[in-house]
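Here's the structure, in structure tokens; my notes come after.
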Amino acid sequence: MRANVWSGRNTVQVENVPDPQILNDRDAIVKISSTAICGSDLHLYDGYVPTMKKGDILGHEFMGEVVETGRGVSNLAVGDRVVVPFPIACGSCWSCRHELYSLCENSNPNAGIAEKAFGHPTAGLFGYSHITGGYAGGQAEYARVPFADVGPFKIADDLGDEQVLFLSDIFPTGYMGAEFCEISGGEVIAVFGAGPVGQFAIASAVLLGAERVIAIDQYDYRLAMARHRAGATDTINFAEDPDVVEQLKALTGGRGPDAVIDAVGMEAAHGHGVLHAADRVKQATRLESDRGHALRDAILACRPGGIVSVIGAYGGLLDKFPSGAFMNKGLTLKSGQCHVHRYLKPLYEHIKNGAIDPSFVVTHRLELGLAPEGYETFKHKLDECVKVVLKP
Amino acid sequence: MRAHAAITVNRPREEVERLWRGSDRRPSWIDGASVRFSDAPGDRGTEVHVDVERVLPGGRLGEIVAKLASGARLAKVKDDLRRFKQQVETGEIARSEAAPEGERAGRKFKQRPGQPLDQSQHEKAGAS
């Protein structure tokens with residue numbers, strides 16, 4: 001089959017590789033109909049996530065048709081149309097029983113590596129480096145799906161691929177980020193990053209009843225999407241004025257937002273002055289894996305007693321964490337890779353009843369063979385790119 | 001601190017002890033004297049503790065393991081505890097394309113790329 005493989009920093013290529021086979025009884029094979037490039041794939045592409053290996057198939061947002069099932073999979077049949085969550089979860093460990101699916105204790109066969117880096121292993125993820133298991137990803141014609149009796153979500157309706165594809169990651173991820181904010185009505189929520197996850201965090205904050213949602217980004221076209229499609233009430237373009245903390249205070253009567261969502265992660269583009277320069281140098285020389293200006297500003301901007309919700313991806317270590325602001329303002333920090341399985345059904349209902357149509361983020365549709373072009377376009381934000389969908 | 005490995009299995013103690021003693025899921029080279037079981041608090045299952053320095057290896061694999069440096073031995077015990085937990089909780093060993101035979105300390109530095117195996121690699125990995 002053809003698959004998009006990582007072959008070094010800033011290099012991906014579409015190659016012929018063997019077709020996937022069932023390795024365990026609870027596996028299924030899915031013929032992929034749509035697959036997307038995630039912002040977190042850019043961290044791999046840019047070479048900031050350790051434990052990548054040449055030949056790794058990328059991709060963790062995919063859907064398609066079941067073409068084979070292992071002996072232990074009785075809930076799926078050949079021909080079923082499914083969306084596949086990006087974390088691989090066994091369904092039976094303590095974490096899975098408590099709906100903490102991205103912390104599954106059994107799905108990462110490189111648990112020893114993860115334990116060294118994080119203290120404990122976390123779940124296996126599709127196509128996301130060897131520290132999360134070394135699973136082949138979904139930017140390919142086919143994928144093997146482990147624990148297929150737990151993860152894949154059947155789509156029985158005639159909704160289009162682009163309406164349901166993002167249940168695999170970015171819609172639930174954005175939603176979880178908003179849910180962390182404990183919105184009960186009347187809140188002001190600020191969202192750093194108006195990329196695809198940021199768009200869904202904004203839309204979800206609106207769904208959950210936030211009164212105002214402030215989008216922060218450096219591209220006007222993404223801020224326009226945040227305002228006109230996701231429902232943001234205010235926007236801040238930090239390319240025009242980099243002092244985001246002061247602007248957030250100005251927009252909130254000096255209080256600061258009740259909760260702040262970091263939908264940026266380890267490659268923050270904003271920031272200014274000496275600290276940002278130091279981050280760039282340290283990250284480029286691999287002294288510091290994470291460039292964390294969004295997180296620092298989120299903590300500085302959040303109102304005392306508020307919540308900082310981290311759904312942007314981080315990989316290693318970050319310098320200059322504002323521990324004084326974090327502690328003295330009595331903030332609550334919540335984070336995690338999304339527990340996608342938990343959100344599939346309720347968010348699918350929101351799509352079905354028309355409360356949201358997630359396809360609004362799609363700006364580029366490419367044949368799988370053009371994946372390298374898709375990565376370049378997305379990385380450099382060419383042609384007003386927000387989200388790239390690949391068709392195998 | 002003495003080299004110690006522990007894992008919590010999300011099953012009642014009686015079941016965990018029975019499976020450890022009575023089936024092929026148990027890492028057979030770890031002798032009984034170095035293993036201790038206890039109830040995890042709050043319905044979290046059963047803790048399995050292994051005193052790695054007291055392991056008196058059994059069988060041929062045990063002899064090989066006995067020759068390993070203590071760090072490598074600890075890694076091997078941890079691998080086998082994870083495999084035991086995986087089998088008890090899920091009925092199978094987690095296998096990825098990069099580590100098709102499942103968790104194995106020696107594989108940490110010799111990963112395959114994360115892409116499907118060809119037929120001969122598939123058979124070598126002993127997958128179903």
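Ligands are numbered from 1 in the order shown, chains are lettered A, B, ... in the order of the structure tokens, and residues start at 1 in each chain.
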Practice problem: For chain A, work out the contacting residues on chain B at 7 Å, counting only C-alpha atoms, and write them as a list in words. | Solution: Asn10, Arg44, Gln86, Glu89, Thr90, Ala94, Arg95, Ser96, Glu97, Ala98, Ala99, Gly102, Glu103, Lys108, Pro113, Gly114, Gln115, Pro116, Leu117, Asp118, Ala127 and Ser128 of chain B
Got time to write the residues from that selection, C-alpha atoms, as a PDB file, in the first residue's frame?
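Saved file result-v6.pdb follows:
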```pdb
ATOM      1  CA  ASN B  10      -6.829  -4.342  37.979  1.00  0.00           C
ATOM      2  CA  ARG B  44      -7.630  -0.593  42.471  1.00  0.00           C
ATOM      3  CA  GLN B  86      -1.449  -6.911  29.704  1.00  0.00           C
ATOM      4  CA  GLU B  89      -6.276  -7.375  31.833  1.00  0.00           C
ATOM      5  CA  THR B  90      -6.644  -7.540  28.056  1.00  0.00           C
ATOM      6  CA  ALA B  94       0.339  -5.082  23.098  1.00  0.00           C
ATOM      7  CA  ARG B  95       2.154  -5.217  19.764  1.00  0.00           C
ATOM      8  CA  SER B  96       3.014  -2.264  17.563  1.00  0.00           C
ATOM      9  CA  GLU B  97       4.699  -2.311  14.183  1.00  0.00           C
ATOM     10  CA  ALA B  98       7.870  -0.967  15.843  1.00  0.00           C
ATOM     11  CA  ALA B  99       7.796  -3.593  18.602  1.00  0.00           C
ATOM     12  CA  GLY B 102       5.629  -6.617  22.480  1.00  0.00           C
ATOM     13  CA  GLU B 103       7.464  -4.899  25.309  1.00  0.00           C
ATOM     14  CA  LYS B 108      14.222  -0.106  23.172  1.00  0.00           C
ATOM     15  CA  PRO B 113      10.124   1.723  11.884  1.00  0.00           C
ATOM     16  CA  GLY B 114       6.434   2.166  12.616  1.00  0.00           C
ATOM     17  CA  GLN B 115       5.245   0.552   9.402  1.00  0.00           C
ATOM     18  CA  PRO B 116       3.700  -2.869   8.667  1.00  0.00           C
ATOM     19  CA  LEU B 117       5.798  -6.012   8.701  1.00  0.00           C
ATOM     20  CA  ASP B 118       6.378  -8.200   5.687  1.00  0.00           C
ATOM     21  CA  ALA B 127       1.893 -12.768  16.170  1.00  0.00           C
ATOM     22  CA  SER B 128      -1.491 -14.442  15.795  1.00  0.00           C
TER      23      SER B 128
END
```
Exercise. Could you please write out, as a VMD selection string, every residue of stretch 38-115 of chain A that DSSP assigns to strand (DSSP E)?
Key: chain A and resid 61 to 69 81 to 84 87 to 88
Practice problem: Name all residues at most 12 Å from A:Val388 (count only C-alpha atoms; drop same-chain ones fewer than 6 positions away) and give them as a ChimeraX atom specification. | Solution: /A:34-39,41,59,61,139,162,165-166,195-196,359-368,370-379,381-382
Quiz item: A:Ile261: which residues within 9 Å, counting only C-alpha atoms, same-chain residues fewer than 3 positions away excluded, as a count of residues only?
Solution: 20
Practice problem: Excluding B:Asp79 and residues on its chain fewer than 3 positions from it, collect all residues at most 8 Å away from it, counting only C-alpha atoms, and give them as a PyMOL selection string. | Solution: (chain A and resi 112) or (chain B and resi 75-76+82-83+103-105)
Residues from the last selection, C-alpha atoms, saved as a tab-separated table (two decimals), in the first residue's frame:
```tsv
chain	number	residue	atom	x	y	z
A	112	GLY	CA	9.77	1.44	29.27
B	75	ALA	CA	14.34	-3.66	32.96
B	76	LYS	CA	13.65	-7.31	32.14
B	82	ARG	CA	3.89	-5.38	32.10
B	83	ARG	CA	3.32	-8.37	29.85
B	103	GLU	CA	7.46	-4.90	25.31
B	104	ARG	CA	11.06	-6.07	25.42
B	105	ALA	CA	13.92	-4.18	27.02
```
Practice problem: Report the distance between atom CA of A:Ala226 and atom CA of A:Ser102 in Å, rounded to one decimal place. | Solution: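 Result for atom CA of A:Ala226 versus atom CA of A:Ser102: 27.4 Å, one decimal.
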Quiz item: Hey, what's within 9 Å of A:Asp319 if we count only C-alpha atoms and toss same-chain stuff fewer than 3 positions away? As a PyMOL selection string, please?
Solution: chain A and resi 279+288+290-292
Quiz prompt | Polymer residues at most 8 Å from A:Ile32, only C-alpha atoms, same-chain spacing of 3 or more positions, as a PyMOL selection string | solution = chain A and resi 35+62-65+138+140-143+392
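As for atom CA of A:Gly305 and atom CA of A:Asp258, they are spaced 8.1 Å apart.
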